[in-house]
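S.K.: Got a file for you: coords_35.cif, mmCIF, C-alpha atoms.
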```cif
data_entry
loop_
_atom_site.label_atom_id
_atom_site.label_comp_id
_atom_site.auth_asym_id
_atom_site.auth_seq_id
_atom_site.Cartn_x
_atom_site.Cartn_y
_atom_site.Cartn_z
CA MET A 1 13.94 6.01 27.17
CA ARG A 2 13.73 4.05 23.95
CA TRP A 3 10.52 4.23 21.97
CA LEU A 4 10.13 0.46 21.80
CA TRP A 5 6.68 -0.84 22.65
CA ILE A 6 7.21 -4.49 21.79
CA ASP A 7 9.74 -6.81 23.45
CA ALA A 8 9.97 -9.76 21.08
CA ILE A 9 8.51 -11.31 17.95
CA LEU A 10 6.69 -14.60 18.57
CA GLU A 11 5.44 -15.57 15.11
CA HIS A 12 6.04 -14.44 11.56
CA GLU A 13 4.23 -15.57 8.43
CA PRO A 14 6.04 -13.62 5.69
CA HIS A 15 3.82 -11.12 3.87
CA ARG A 16 0.81 -12.14 5.99
CA ARG A 17 1.06 -11.99 9.77
CA LEU A 18 3.33 -10.98 12.63
CA VAL A 19 2.81 -11.59 16.35
CA ALA A 20 4.75 -9.67 18.99
CA VAL A 21 4.65 -9.53 22.77
CA LYS A 22 5.16 -6.81 25.33
CA ASN A 23 5.52 -7.42 29.06
CA VAL A 24 4.12 -4.72 31.33
CA SER A 25 6.33 -3.98 34.32
CA LEU A 26 5.98 -1.85 37.45
CA ALA A 27 9.48 -0.60 36.62
CA GLU A 28 8.08 1.42 33.69
CA GLU A 29 8.07 5.04 34.78
CA HIS A 30 5.11 6.18 32.73
CA LEU A 31 2.72 3.68 34.36
CA HIS A 32 2.90 5.60 37.60
CA GLN A 33 1.59 8.69 35.85
CA HIS A 34 -1.36 6.84 34.31
CA PHE A 35 -3.66 5.19 36.81
CA ALA A 36 -7.22 4.50 37.87
CA GLU A 37 -8.82 3.99 41.25
CA ASP A 38 -9.10 0.34 42.20
CA ALA A 39 -11.80 -1.29 44.38
CA GLU A 40 -9.95 -0.34 47.55
CA GLY A 41 -9.62 3.29 46.51
CA SER A 42 -5.92 3.04 45.73
CA ALA A 43 -4.18 4.18 42.54
CA GLN A 44 -3.82 1.27 40.09
CA PRO A 45 -1.19 1.92 37.39
CA LEU A 46 -2.54 1.14 33.92
CA MET A 47 -0.92 0.60 30.54
CA PRO A 48 -2.20 3.52 28.43
CA ALA A 49 -4.34 2.46 25.49
CA SER A 50 -2.46 4.94 23.30
CA LEU A 51 0.76 3.00 23.93
CA MET A 52 -0.94 -0.31 23.17
CA LEU A 53 -1.99 1.26 19.88
CA GLU A 54 1.64 2.25 19.35
CA GLY A 55 2.72 -1.33 20.08
CA MET A 56 0.30 -2.62 17.48
CA ALA A 57 1.47 0.04 15.01
CA GLN A 58 5.08 -1.06 15.52
CA THR A 59 4.13 -4.71 15.05
CA ALA A 60 2.10 -4.05 11.91
CA GLY A 61 4.66 -1.58 10.60
CA ILE A 62 7.44 -4.15 10.89
CA LEU A 63 5.25 -6.69 9.09
CA VAL A 64 4.56 -4.26 6.24
CA GLY A 65 8.20 -3.22 6.01
CA SER A 66 9.40 -6.81 5.96
CA VAL A 67 7.46 -7.46 2.74
CA ARG A 68 9.99 -5.29 0.91
CA GLN A 69 12.94 -6.32 3.06
CA PHE A 70 12.86 -2.95 4.85
CA THR A 71 14.13 -1.22 1.71
CA GLU A 72 11.20 1.21 1.69
CA LYS A 73 10.22 3.56 4.47
CA VAL A 74 6.84 2.84 6.02
CA ILE A 75 4.87 5.45 7.90
CA LEU A 76 1.72 5.15 9.98
CA ALA A 77 -0.83 7.08 7.96
CA LYS A 78 -4.26 6.47 9.43
CA VAL A 79 -5.90 4.58 12.30
CA THR A 80 -9.38 3.61 11.15
CA LEU A 81 -10.27 1.47 14.15
CA ALA A 82 -8.94 1.18 17.71
CA THR A 83 -11.15 -0.35 20.36
CA PHE A 84 -10.16 -1.64 23.80
CA ASP A 85 -12.42 -3.66 26.08
CA CYS A 86 -10.26 -4.02 29.21
CA ASP A 87 -7.35 -2.45 31.01
CA VAL A 88 -3.86 -3.93 31.23
CA VAL A 89 -1.89 -3.68 34.47
CA PRO A 90 1.68 -4.53 35.56
CA GLY A 91 2.27 -8.26 35.80
CA GLN A 92 0.38 -8.88 32.57
CA SER A 93 1.63 -9.36 29.03
CA ILE A 94 0.20 -7.98 25.81
CA ARG A 95 0.18 -9.83 22.50
CA TYR A 96 -0.12 -7.92 19.22
CA ASP A 97 -1.32 -10.04 16.30
CA ALA A 98 -1.10 -8.05 13.06
CA SER A 99 -2.23 -9.17 9.60
CA ILE A 100 -1.97 -7.57 6.18
CA GLU A 101 -5.32 -7.15 4.45
CA ARG A 102 -4.02 -5.46 1.32
CA ILE A 103 -0.65 -4.14 0.18
CA ASP A 104 0.69 -2.42 -2.92
CA GLY A 105 3.25 0.16 -3.88
CA ALA A 106 1.26 2.98 -2.30
CA GLY A 107 0.76 1.41 1.10
CA ALA A 108 -0.91 -1.27 3.15
CA SER A 109 -4.06 -1.88 5.13
CA THR A 110 -3.66 -3.99 8.29
CA THR A 111 -5.87 -5.46 10.98
CA GLY A 112 -4.82 -6.25 14.51
CA ILE A 113 -5.98 -8.20 17.54
CA ILE A 114 -4.66 -7.26 20.97
CA SER A 115 -4.73 -9.89 23.71
CA ARG A 116 -3.82 -9.91 27.40
CA LEU A 117 -2.29 -12.61 29.59
CA ASP A 118 -2.36 -12.44 33.36
CA HIS A 119 0.54 -14.45 34.75
CA ARG A 120 -1.35 -14.98 37.98
CA GLY A 121 -3.86 -17.21 36.19
CA GLY A 122 -5.94 -17.62 33.03
CA GLY A 123 -4.95 -17.74 29.37
CA TRP A 124 -4.80 -15.11 26.65
CA ILE A 125 -8.00 -13.13 26.23
CA GLU A 126 -8.77 -10.73 23.40
CA ILE A 127 -9.07 -7.16 24.64
CA GLY A 128 -8.84 -4.97 21.55
CA ARG A 129 -8.94 -4.61 17.79
CA THR A 130 -7.25 -2.22 15.36
CA GLN A 131 -7.23 -1.27 11.71
CA ILE A 132 -4.21 0.75 10.62
CA ILE A 133 -3.17 2.03 7.21
CA PHE A 134 0.49 2.55 6.36
CA SER A 135 1.95 4.52 3.51
CA HIS A 136 5.09 3.60 1.56
CA VAL A 137 7.11 6.76 1.23
CA ASP A 138 10.22 7.31 -0.79
CA LYS A 139 11.49 10.49 0.82
CA ASN A 140 12.48 11.85 -2.57
CA MET A 141 9.17 11.14 -4.26
CA SER A 142 7.50 14.28 -3.09
CA GLY A 143 10.67 16.33 -3.03
CA LEU A 144 10.58 16.46 0.77
CA ASP A 145 13.46 15.41 2.96
CA LEU A 146 11.62 13.67 5.77
CA PRO A 147 13.49 13.21 9.04
CA ALA A 148 14.49 9.65 9.90
CA HIS A 149 12.74 9.66 13.28
CA ASN A 150 9.37 9.97 11.55
CA PHE A 151 9.64 6.41 10.35
CA VAL A 152 8.86 3.10 12.01
CA PHE A 153 12.30 1.56 11.54
CA GLY A 154 15.35 2.98 13.19
CA GLU A 155 18.30 1.99 15.33
CA ASN A 156 15.97 1.06 18.19
CA PHE A 157 14.55 -1.81 16.19
CA ARG A 158 17.77 -3.59 15.26
CA ALA A 159 17.57 -5.92 18.27
CA ILE A 160 14.01 -6.94 17.42
CA LEU A 161 14.36 -7.08 13.64
CA GLY A 162 17.30 -9.43 14.03
CA GLN A 163 14.80 -12.08 15.12
CA LEU A 164 12.99 -11.91 11.77
CA LEU A 165 13.99 -14.44 9.15
CA PRO A 166 14.38 -12.58 5.83
CA ALA A 167 11.45 -13.28 3.55
CA LYS A 168 11.81 -13.98 -0.13
CA PRO A 169 11.23 -10.70 -2.03
CA GLU A 170 7.79 -10.60 -3.62
CA ALA A 171 6.74 -8.38 -6.49
CA ILE A 172 4.09 -5.95 -5.35
CA MET B 1 -25.84 -3.31 -10.21
CA SER B 2 -27.62 -0.04 -11.02
CA ARG B 3 -25.91 3.35 -10.80
CA ASP B 4 -28.04 4.21 -7.77
CA GLU B 5 -26.94 1.03 -6.02
CA VAL B 6 -23.34 1.87 -6.80
CA LEU B 7 -23.86 5.38 -5.40
CA GLY B 8 -25.31 3.86 -2.23
CA LYS B 9 -22.28 1.67 -1.65
CA VAL B 10 -19.84 4.46 -2.54
CA ARG B 11 -21.69 6.66 -0.04
CA GLU B 12 -21.19 4.04 2.70
CA VAL B 13 -17.48 3.87 1.85
CA LEU B 14 -17.06 7.63 2.09
CA VAL B 15 -19.08 7.92 5.32
CA ASP B 16 -16.81 5.29 6.92
CA ALA B 17 -13.55 6.62 5.48
CA LEU B 18 -14.15 10.34 6.01
CA GLY B 19 -16.54 10.43 8.96
CA VAL B 20 -19.07 12.56 7.04
CA ASP B 21 -22.87 12.34 7.15
CA ASP B 22 -24.90 10.50 4.51
CA ASP B 23 -26.53 13.67 3.23
CA GLU B 24 -23.15 15.33 2.58
CA VAL B 25 -22.23 12.63 0.05
CA THR B 26 -23.91 13.96 -3.09
CA PRO B 27 -22.77 13.18 -6.65
CA THR B 28 -21.29 16.64 -7.13
CA ALA B 29 -19.52 16.81 -3.74
CA ARG B 30 -15.76 17.11 -4.15
CA LEU B 31 -13.75 14.73 -2.00
CA THR B 32 -11.25 17.32 -0.77
CA THR B 33 -13.04 20.66 -0.87
CA ASP B 34 -16.47 19.48 0.30
CA LEU B 35 -15.82 16.24 2.20
CA HIS B 36 -12.41 17.28 3.59
CA ALA B 37 -10.55 14.20 2.38
CA GLU B 38 -6.78 14.32 2.83
CA SER B 39 -4.16 12.49 0.78
CA ILE B 40 -4.03 9.46 3.07
CA ASP B 41 -7.81 9.16 2.89
CA PHE B 42 -7.45 8.41 -0.82
CA LEU B 43 -5.56 5.20 0.00
CA ASP B 44 -8.22 4.27 2.55
CA ILE B 45 -10.95 4.91 -0.04
CA VAL B 46 -9.22 2.68 -2.60
CA PHE B 47 -8.95 -0.20 -0.11
CA ARG B 48 -12.57 0.19 1.02
CA LEU B 49 -13.90 0.32 -2.56
CA GLU B 50 -12.01 -2.90 -3.32
CA LYS B 51 -13.68 -4.61 -0.37
CA ALA B 52 -17.12 -3.17 -1.14
CA PHE B 53 -17.16 -4.15 -4.82
CA GLY B 54 -14.89 -7.18 -4.87
CA PHE B 55 -12.36 -5.93 -7.44
CA LYS B 56 -8.72 -4.87 -7.35
CA ILE B 57 -7.74 -1.28 -8.07
CA GLY B 58 -4.24 -0.87 -9.47
CA GLN B 59 -1.91 1.83 -8.16
CA GLY B 60 -2.70 5.07 -10.00
CA GLU B 61 -5.87 3.65 -11.53
CA LEU B 62 -8.41 5.61 -9.49
CA PHE B 63 -6.30 8.50 -8.19
CA PRO B 64 -3.12 9.70 -9.94
CA ASP B 65 0.30 8.55 -8.82
CA ASN B 66 2.90 11.16 -7.97
CA ILE B 67 3.73 12.90 -11.25
CA ASN B 68 7.37 13.98 -11.22
CA ASP B 69 8.34 13.72 -14.88
CA PRO B 70 9.22 17.24 -16.17
CA LYS B 71 7.40 16.33 -19.38
CA TYR B 72 4.18 16.35 -17.39
CA VAL B 73 4.80 18.91 -14.65
CA GLN B 74 6.74 22.16 -14.92
CA ASP B 75 6.93 24.95 -12.35
CA GLY B 76 4.20 23.30 -10.32
CA LYS B 77 1.77 23.19 -13.25
CA VAL B 78 0.61 20.19 -15.25
CA THR B 79 1.65 20.53 -18.90
CA ALA B 80 -0.56 19.82 -21.91
CA ASP B 81 1.09 16.38 -22.17
CA GLY B 82 0.45 15.79 -18.50
CA LEU B 83 -3.19 16.75 -18.84
CA ALA B 84 -3.59 14.45 -21.85
CA LEU B 85 -2.08 11.61 -19.82
CA LEU B 86 -4.39 12.26 -16.90
CA LYS B 87 -7.45 12.30 -19.16
CA GLN B 88 -6.38 9.07 -20.82
CA ARG B 89 -5.71 7.28 -17.52
CA MET B 90 -8.73 8.65 -15.71
CA PRO B 91 -11.77 8.72 -18.01
CA HIS B 92 -13.96 8.82 -14.90
CA VAL B 93 -12.85 12.38 -14.08
CA ASP B 94 -13.96 15.74 -15.51
CA PHE B 95 -10.79 17.82 -15.95
CA SER B 96 -12.45 20.82 -17.65
CA ALA B 97 -12.26 23.13 -14.62
CA PHE B 98 -8.74 21.93 -13.77
CA SER B 99 -7.57 22.70 -17.34
CA ALA B 100 -8.21 26.40 -16.73
CA ASP B 101 -5.82 26.42 -13.75
CA PRO B 102 -3.71 23.25 -13.92
CA ARG B 103 -1.71 23.71 -10.72
CA LEU B 104 -0.49 20.31 -9.51
CA GLU B 105 -1.50 21.11 -5.93
CA LYS B 106 -5.11 21.43 -7.15
CA VAL B 107 -5.36 18.11 -8.97
CA SER B 108 -6.94 16.33 -6.02
CA GLU B 109 -9.88 18.78 -6.18
CA VAL B 110 -11.19 17.26 -9.44
CA PHE B 111 -12.43 14.11 -7.73
CA THR B 112 -16.13 14.10 -6.92
CA VAL B 113 -18.40 11.43 -5.55
CA GLY B 114 -19.76 11.18 -9.08
CA SER B 115 -16.30 10.41 -10.48
CA LEU B 116 -15.95 7.54 -8.00
CA VAL B 117 -19.34 6.21 -9.09
CA ASP B 118 -18.30 6.50 -12.76
CA PHE B 119 -15.09 4.61 -12.00
CA VAL B 120 -16.93 1.78 -10.25
CA VAL B 121 -19.56 1.51 -12.99
CA ARG B 122 -16.84 1.28 -15.69
CA LYS B 123 -14.88 -1.22 -13.62
CA LEU B 124 -17.90 -3.44 -13.06
CA GLN B 125 -18.82 -3.27 -16.75
CA SER B 126 -15.34 -4.28 -17.82
CA ALA B 127 -15.08 -7.17 -15.35
CA PRO B 128 -14.71 -10.57 -17.06
CA ALA B 129 -17.88 -12.63 -17.18
CA ALA B 130 -18.07 -15.28 -14.46
#
```
In structure tokens, what does this structure look like?

M.R.:
Amino acid sequence: MRWLWIDAILEHEPHRRLVAVKNVSLAEEHLHQHFAEDAEGSAQPLMPASLMLEGMAQTAGILVGSVRQFTEKVILAKVTLATFDCDVVPGQSIRYDASIERIDGAGASTTGIISRLDHRGGGWIEIGRTQIIFSHVDKNMSGLDLPAHNFVFGENFRAILGQLLPAKPEAI
Amino acid sequence: MSRDEVLGKVREVLVDALGVDDDEVTPTARLTTDLHAESIDFLDIVFRLEKAFGFKIGQGELFPDNINDPKYVQDGKVTADGLALLKQRMPHVDFSAFSADPRLEKVSEVFTVGSLVDFVVRKLQSAPAA
């Protein structure tokens, strides 16, 4: 299984905002191990909130990394806020709307809004909010050789990153 | 803004960033040893102070950047030149205890709530007049 919790990028405002979408499918194995009891007493598979947080972290992490053209490794350092108001079930889509609040050479502070769309009716509704801090890490800076899989960007993201138009480099 | 008002806002920042209680945030409380701040919390504190007081804090202005230059750090200890540089860049910090045992791994222990308040007071005093 690939650790990819977003399916496509919908909007990109370089250095400011990135919107990504994830479609929730009954074919996803993990959903059948994470469920709640519905009104009829049956097991209702649910999208885990922890994986929605991961989806937002991937969205925001890509946004932060794109500011420096992905030349610097970005790591998720701290989640200062993660609230969810509703569940998400198969047949629905999730939208991750990430914005940069502040960024410099040390890292970035981001905010996020998570929304849900039910394809059986109704529009997007906001269901969650996040605040995530990322750290810029040059693996040689601290003398540590950090393994590649610790970082947001890897081979898994090539298909998604290809959709991003390169932004003009900006001095930070 | 008075020093007490600054302390009040710094206290709110640290309660939110570190999840500590109000009464733990005293002027002499050390961020790491007493309030259990970790390295990533320092970045969070910088961003929150910026929002609380409406100014920008440059990288390395409040907390030191990684010091790798052998002129400043040798065998895991900050040299006399390194200590002089730290004192020059961070007048809001009391390095007297650190000077006695200048191990680089201990440098984060010099920061107290009081040193954050001193930093903010200096920053507000040096802000250009509106």

S.K.: At most 10 Å is the cut-off: for each residue in chain B with any atom that close to an atom of chain A, write down the nearest atom pair and the distance in Å rounded to one decimal, counting all atoms listed in the file, chain first then increasing number, as a Markdown table.

M.R.:
```
| residue | atom | partner | partner_atom | distance |
| --- | --- | --- | --- | --- |
| B:Asp16 | CA | A:Thr80 | CA | 8.7 |
| B:Ala17 | CA | A:Thr80 | CA | 7.7 |
| B:Leu18 | CA | A:Thr80 | CA | 9.7 |
| B:Ser39 | CA | A:Ala77 | CA | 9.6 |
| B:Ile40 | CA | A:Ala77 | CA | 6.3 |
| B:Asp41 | CA | A:Lys78 | CA | 7.9 |
| B:Leu43 | CA | A:Gly107 | CA | 7.5 |
| B:Asp44 | CA | A:Ile133 | CA | 7.2 |
| B:Phe47 | CA | A:Arg102 | CA | 7.3 |
| B:Arg48 | CA | A:Ser109 | CA | 9.7 |
| B:Glu50 | CA | A:Arg102 | CA | 9.6 |
| B:Lys51 | CA | A:Arg102 | CA | 9.8 |
| B:Lys56 | CA | A:Arg102 | CA | 9.9 |
| B:Ile57 | CA | A:Asp104 | CA | 9.9 |
| B:Gly58 | CA | A:Asp104 | CA | 8.3 |
| B:Gln59 | CA | A:Ala106 | CA | 6.8 |
| B:Gly60 | CA | A:Ala106 | CA | 8.9 |
| B:Asp65 | CA | A:Ala106 | CA | 8.6 |
| B:Asn66 | CA | A:Met141 | CA | 7.3 |
| B:Ile67 | CA | A:Met141 | CA | 9.0 |
| B:Asn68 | CA | A:Met141 | CA | 7.7 |
```

S.K.: Written as a ChimeraX atom specification, which residues does the PyMOL selection byres ((chain B and resi 20) around 12) give for the file shown?

M.R.: /B:11-19,21-26,29,31,34-37

S.K.: The selected residues should be written to file as a PDB file, in the frame of the given file (atoms: C-alpha atoms).

M.R.:
```pdb
ATOM      1  CA  ARG B  11     -21.690   6.660  -0.040  1.00  0.00           C
ATOM      2  CA  GLU B  12     -21.190   4.040   2.700  1.00  0.00           C
ATOM      3  CA  VAL B  13     -17.480   3.870   1.850  1.00  0.00           C
ATOM      4  CA  LEU B  14     -17.060   7.630   2.090  1.00  0.00           C
ATOM      5  CA  VAL B  15     -19.080   7.920   5.320  1.00  0.00           C
ATOM      6  CA  ASP B  16     -16.810   5.290   6.920  1.00  0.00           C
ATOM      7  CA  ALA B  17     -13.550   6.620   5.480  1.00  0.00           C
ATOM      8  CA  LEU B  18     -14.150  10.340   6.010  1.00  0.00           C
ATOM      9  CA  GLY B  19     -16.540  10.430   8.960  1.00  0.00           C
ATOM     10  CA  ASP B  21     -22.870  12.340   7.150  1.00  0.00           C
ATOM     11  CA  ASP B  22     -24.900  10.500   4.510  1.00  0.00           C
ATOM     12  CA  ASP B  23     -26.530  13.670   3.230  1.00  0.00           C
ATOM     13  CA  GLU B  24     -23.150  15.330   2.580  1.00  0.00           C
ATOM     14  CA  VAL B  25     -22.230  12.630   0.050  1.00  0.00           C
ATOM     15  CA  THR B  26     -23.910  13.960  -3.090  1.00  0.00           C
ATOM     16  CA  ALA B  29     -19.520  16.810  -3.740  1.00  0.00           C
ATOM     17  CA  LEU B  31     -13.750  14.730  -2.000  1.00  0.00           C
ATOM     18  CA  ASP B  34     -16.470  19.480   0.300  1.00  0.00           C
ATOM     19  CA  LEU B  35     -15.820  16.240   2.200  1.00  0.00           C
ATOM     20  CA  HIS B  36     -12.410  17.280   3.590  1.00  0.00           C
ATOM     21  CA  ALA B  37     -10.550  14.200   2.380  1.00  0.00           C
TER      22      ALA B  37
END
```

S.K.: Looking at all atoms listed in the file, which of B:Pro70, B:Lys9, B:Phe55, B:Lys106 is the one that sits closest to Ser126 of chain B?

M.R.: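 So, comparing all the options, the nearest one is B:Phe55.
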
S.K.: Pull the neighbourhood of (-15.4, -3.3, -7.5) for me: all residues within 10 Å in file coordinates, counting all atoms listed in the file, as number ranges by chain.

M.R.: B: 6, 46, 48-57, 119-125, 127

S.K.: Could you tell me which of A:Leu31, A:Ala36, A:Val19, A:Val137 comes closest to Gly112 of chain A if we count only C-alpha atoms?

M.R.: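 Closest candidate: A:Val19.
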